Amino acid sequence: MEVFFCKTEIYAGTGALHMLKYLAQGKVLVVCDPFFMESGKAKQVAELSGGEQVAYFSEVRPDPGVAL
């Protein structure tokens, strides 16, 4: 038997990004599309987190289709 449990909390709206400094603890992974990375927004989000180690994954395809 296998069990997978994931407690998810979603913060949205005004002030949501500023919650990062309370949630991030040491390591931060920013997952985004190439435009978000190139525009500098990914770095701004990482700086708000206050994380000591930040890694980026910017190969997410925006608005992907459903075809395989």
# chains A, B, ... in the order shown; residues from 1 in each chain; ligands from 1
$ residues_around --residues "A:Ser49" --least-positions-apart "3" --cutoff "7 Å" --atoms "only C-alpha atoms" --output "NGL selection string"
:A and (20-21 or 24 or 45-46)
$ select_by_dssp --residues "chain A" --states "alpha helix (DSSP H)" --output "ChimeraX atom specification"
/A:20-23,34-38,41-49
$ residues_around --residues "A:Asp33" --least-positions-apart "6" --cutoff "10 Å" --atoms "only C-alpha atoms" --output "PyMOL selection string"
chain A and resi 42+57-63
$ closest_residue --among "A:Met1, A:Lys7, A:Ala67, A:Lys43" --to "A:Val28" --atoms "only C-alpha atoms"
A:Lys43
$ atom_distance --atom1 "atom CA of A:Leu17" --atom2 "atom CA of A:Gln44"
9.9 Å
$ select_by_dssp --residues "stretch 22-61 of chain A" --states "strand (DSSP E or B)" --output "list of chain:residue names"
A:Lys27, A:Val28, A:Leu29, A:Val30, A:Val31, A:Gln53, A:Val54, A:Ala55, A:Tyr56, A:Phe57
$ atom_distance --atom1 "atom CA of A:Ile10" --atom2 "atom CA of A:Glu38"
25.1 Å
$ atom_distance --atom1 "atom CA of A:Ala55" --atom2 "atom CA of A:Lys41"
14.0 Å
$ residues_around --residues "A:Gln53" --least-positions-apart "5" --cutoff "9 Å" --atoms "only C-alpha atoms" --output "ChimeraX atom specification"
/A:26-29
$ closest_residue --among "A:Phe36, A:Gly50, A:Val30, A:Glu2" --to "A:His18" --atoms "only C-alpha atoms"
A:Gly50
$ decode --residues "stretch 41-62 of chain A" --atoms "N, CA, C and O atoms" --output "PDB file, in the first residue's frame"
ATOM      1  N   LYS A  41      11.445  39.507 -12.425  1.00  0.00           N
ATOM      2  CA  LYS A  41      10.443  39.288 -11.369  1.00  0.00           C
ATOM      3  C   LYS A  41      10.811  38.099 -10.484  1.00  0.00           C
ATOM      4  O   LYS A  41      10.554  38.118  -9.282  1.00  0.00           O
ATOM      5  N   ALA A  42      11.418  37.074 -11.050  1.00  0.00           N
ATOM      6  CA  ALA A  42      11.806  35.900 -10.260  1.00  0.00           C
ATOM      7  C   ALA A  42      12.813  36.302  -9.184  1.00  0.00           C
ATOM      8  O   ALA A  42      12.716  35.858  -8.036  1.00  0.00           O
ATOM      9  N   LYS A  43      13.749  37.156  -9.543  1.00  0.00           N
ATOM     10  CA  LYS A  43      14.737  37.623  -8.575  1.00  0.00           C
ATOM     11  C   LYS A  43      14.078  38.459  -7.486  1.00  0.00           C
ATOM     12  O   LYS A  43      14.433  38.344  -6.307  1.00  0.00           O
ATOM     13  N   GLN A  44      13.102  39.285  -7.862  1.00  0.00           N
ATOM     14  CA  GLN A  44      12.394  40.094  -6.867  1.00  0.00           C
ATOM     15  C   GLN A  44      11.652  39.208  -5.868  1.00  0.00           C
ATOM     16  O   GLN A  44      11.665  39.481  -4.669  1.00  0.00           O
ATOM     17  N   VAL A  45      11.026  38.150  -6.372  1.00  0.00           N
ATOM     18  CA  VAL A  45      10.316  37.222  -5.487  1.00  0.00           C
ATOM     19  C   VAL A  45      11.306  36.541  -4.541  1.00  0.00           C
ATOM     20  O   VAL A  45      11.059  36.413  -3.344  1.00  0.00           O
ATOM     21  N   ALA A  46      12.440  36.118  -5.095  1.00  0.00           N
ATOM     22  CA  ALA A  46      13.452  35.450  -4.266  1.00  0.00           C
ATOM     23  C   ALA A  46      13.975  36.388  -3.175  1.00  0.00           C
ATOM     24  O   ALA A  46      14.181  35.967  -2.039  1.00  0.00           O
ATOM     25  N   GLU A  47      14.168  37.645  -3.510  1.00  0.00           N
ATOM     26  CA  GLU A  47      14.651  38.613  -2.518  1.00  0.00           C
ATOM     27  C   GLU A  47      13.625  38.834  -1.406  1.00  0.00           C
ATOM     28  O   GLU A  47      13.990  38.987  -0.245  1.00  0.00           O
ATOM     29  N   LEU A  48      12.346  38.817  -1.748  1.00  0.00           N
ATOM     30  CA  LEU A  48      11.302  38.969  -0.729  1.00  0.00           C
ATOM     31  C   LEU A  48      11.288  37.794   0.240  1.00  0.00           C
ATOM     32  O   LEU A  48      10.907  37.931   1.392  1.00  0.00           O
ATOM     33  N   SER A  49      11.705  36.629  -0.254  1.00  0.00           N
ATOM     34  CA  SER A  49      11.669  35.436   0.587  1.00  0.00           C
ATOM     35  C   SER A  49      12.726  35.476   1.685  1.00  0.00           C
ATOM     36  O   SER A  49      12.560  34.852   2.723  1.00  0.00           O
ATOM     37  N   GLY A  50      13.830  36.166   1.422  1.00  0.00           N
ATOM     38  CA  GLY A  50      14.906  36.213   2.405  1.00  0.00           C
ATOM     39  C   GLY A  50      15.647  34.893   2.530  1.00  0.00           C
ATOM     40  O   GLY A  50      16.381  34.687   3.483  1.00  0.00           O
ATOM     41  N   GLY A  51      15.448  33.992   1.559  1.00  0.00           N
ATOM     42  CA  GLY A  51      16.108  32.694   1.607  1.00  0.00           C
ATOM     43  C   GLY A  51      17.616  32.801   1.497  1.00  0.00           C
ATOM     44  O   GLY A  51      18.136  33.658   0.785  1.00  0.00           O
ATOM     45  N   GLU A  52      18.318  31.935   2.202  1.00  0.00           N
ATOM     46  CA  GLU A  52      19.778  31.949   2.181  1.00  0.00           C
ATOM     47  C   GLU A  52      20.319  31.331   0.895  1.00  0.00           C
ATOM     48  O   GLU A  52      21.349  31.746   0.388  1.00  0.00           O
ATOM     49  N   GLN A  53      19.628  30.310   0.400  1.00  0.00           N
ATOM     50  CA  GLN A  53      20.017  29.657  -0.849  1.00  0.00           C
ATOM     51  C   GLN A  53      18.814  29.687  -1.791  1.00  0.00           C
ATOM     52  O   GLN A  53      17.738  29.224  -1.435  1.00  0.00           O
ATOM     53  N   VAL A  54      19.010  30.244  -2.992  1.00  0.00           N
ATOM     54  CA  VAL A  54      17.918  30.354  -3.949  1.00  0.00           C
ATOM     55  C   VAL A  54      18.318  29.624  -5.228  1.00  0.00           C
ATOM     56  O   VAL A  54      19.417  29.813  -5.748  1.00  0.00           O
ATOM     57  N   ALA A  55      17.418  28.786  -5.727  1.00  0.00           N
ATOM     58  CA  ALA A  55      17.608  28.104  -7.007  1.00  0.00           C
ATOM     59  C   ALA A  55      16.429  28.471  -7.897  1.00  0.00           C
ATOM     60  O   ALA A  55      15.325  28.738  -7.419  1.00  0.00           O
ATOM     61  N   TYR A  56      16.687  28.489  -9.203  1.00  0.00           N
ATOM     62  CA  TYR A  56      15.650  28.862 -10.167  1.00  0.00           C
ATOM     63  C   TYR A  56      15.451  27.734 -11.167  1.00  0.00           C
ATOM     64  O   TYR A  56      16.417  27.128 -11.626  1.00  0.00           O
ATOM     65  N   PHE A  57      14.207  27.472 -11.502  1.00  0.00           N
ATOM     66  CA  PHE A  57      13.860  26.578 -12.609  1.00  0.00           C
ATOM     67  C   PHE A  57      12.919  27.376 -13.490  1.00  0.00           C
ATOM     68  O   PHE A  57      11.778  27.657 -13.113  1.00  0.00           O
ATOM     69  N   SER A  58      13.416  27.788 -14.662  1.00  0.00           N
ATOM     70  CA  SER A  58      12.633  28.688 -15.520  1.00  0.00           C
ATOM     71  C   SER A  58      12.293  28.054 -16.869  1.00  0.00           C
ATOM     72  O   SER A  58      12.174  28.745 -17.863  1.00  0.00           O
ATOM     73  N   GLU A  59      12.110  26.760 -16.878  1.00  0.00           N
ATOM     74  CA  GLU A  59      11.800  26.069 -18.131  1.00  0.00           C
ATOM     75  C   GLU A  59      10.334  25.655 -18.228  1.00  0.00           C
ATOM     76  O   GLU A  59       9.981  24.763 -18.979  1.00  0.00           O
ATOM     77  N   VAL A  60       9.483  26.298 -17.447  1.00  0.00           N
ATOM     78  CA  VAL A  60       8.053  26.008 -17.497  1.00  0.00           C
ATOM     79  C   VAL A  60       7.473  26.639 -18.749  1.00  0.00           C
ATOM     80  O   VAL A  60       7.680  27.834 -19.003  1.00  0.00           O
ATOM     81  N   ARG A  61       6.744  25.854 -19.520  1.00  0.00           N
ATOM     82  CA  ARG A  61       6.135  26.382 -20.740  1.00  0.00           C
ATOM     83  C   ARG A  61       4.827  27.065 -20.376  1.00  0.00           C
ATOM     84  O   ARG A  61       3.934  26.436 -19.810  1.00  0.00           O
ATOM     85  N   PRO A  62       4.683  28.366 -20.703  1.00  0.00           N
ATOM     86  CA  PRO A  62       3.449  29.068 -20.356  1.00  0.00           C
ATOM     87  C   PRO A  62       2.280  28.561 -21.192  1.00  0.00           C
ATOM     88  O   PRO A  62       2.425  28.284 -22.384  1.00  0.00           O
TER      89      PRO A  62
END
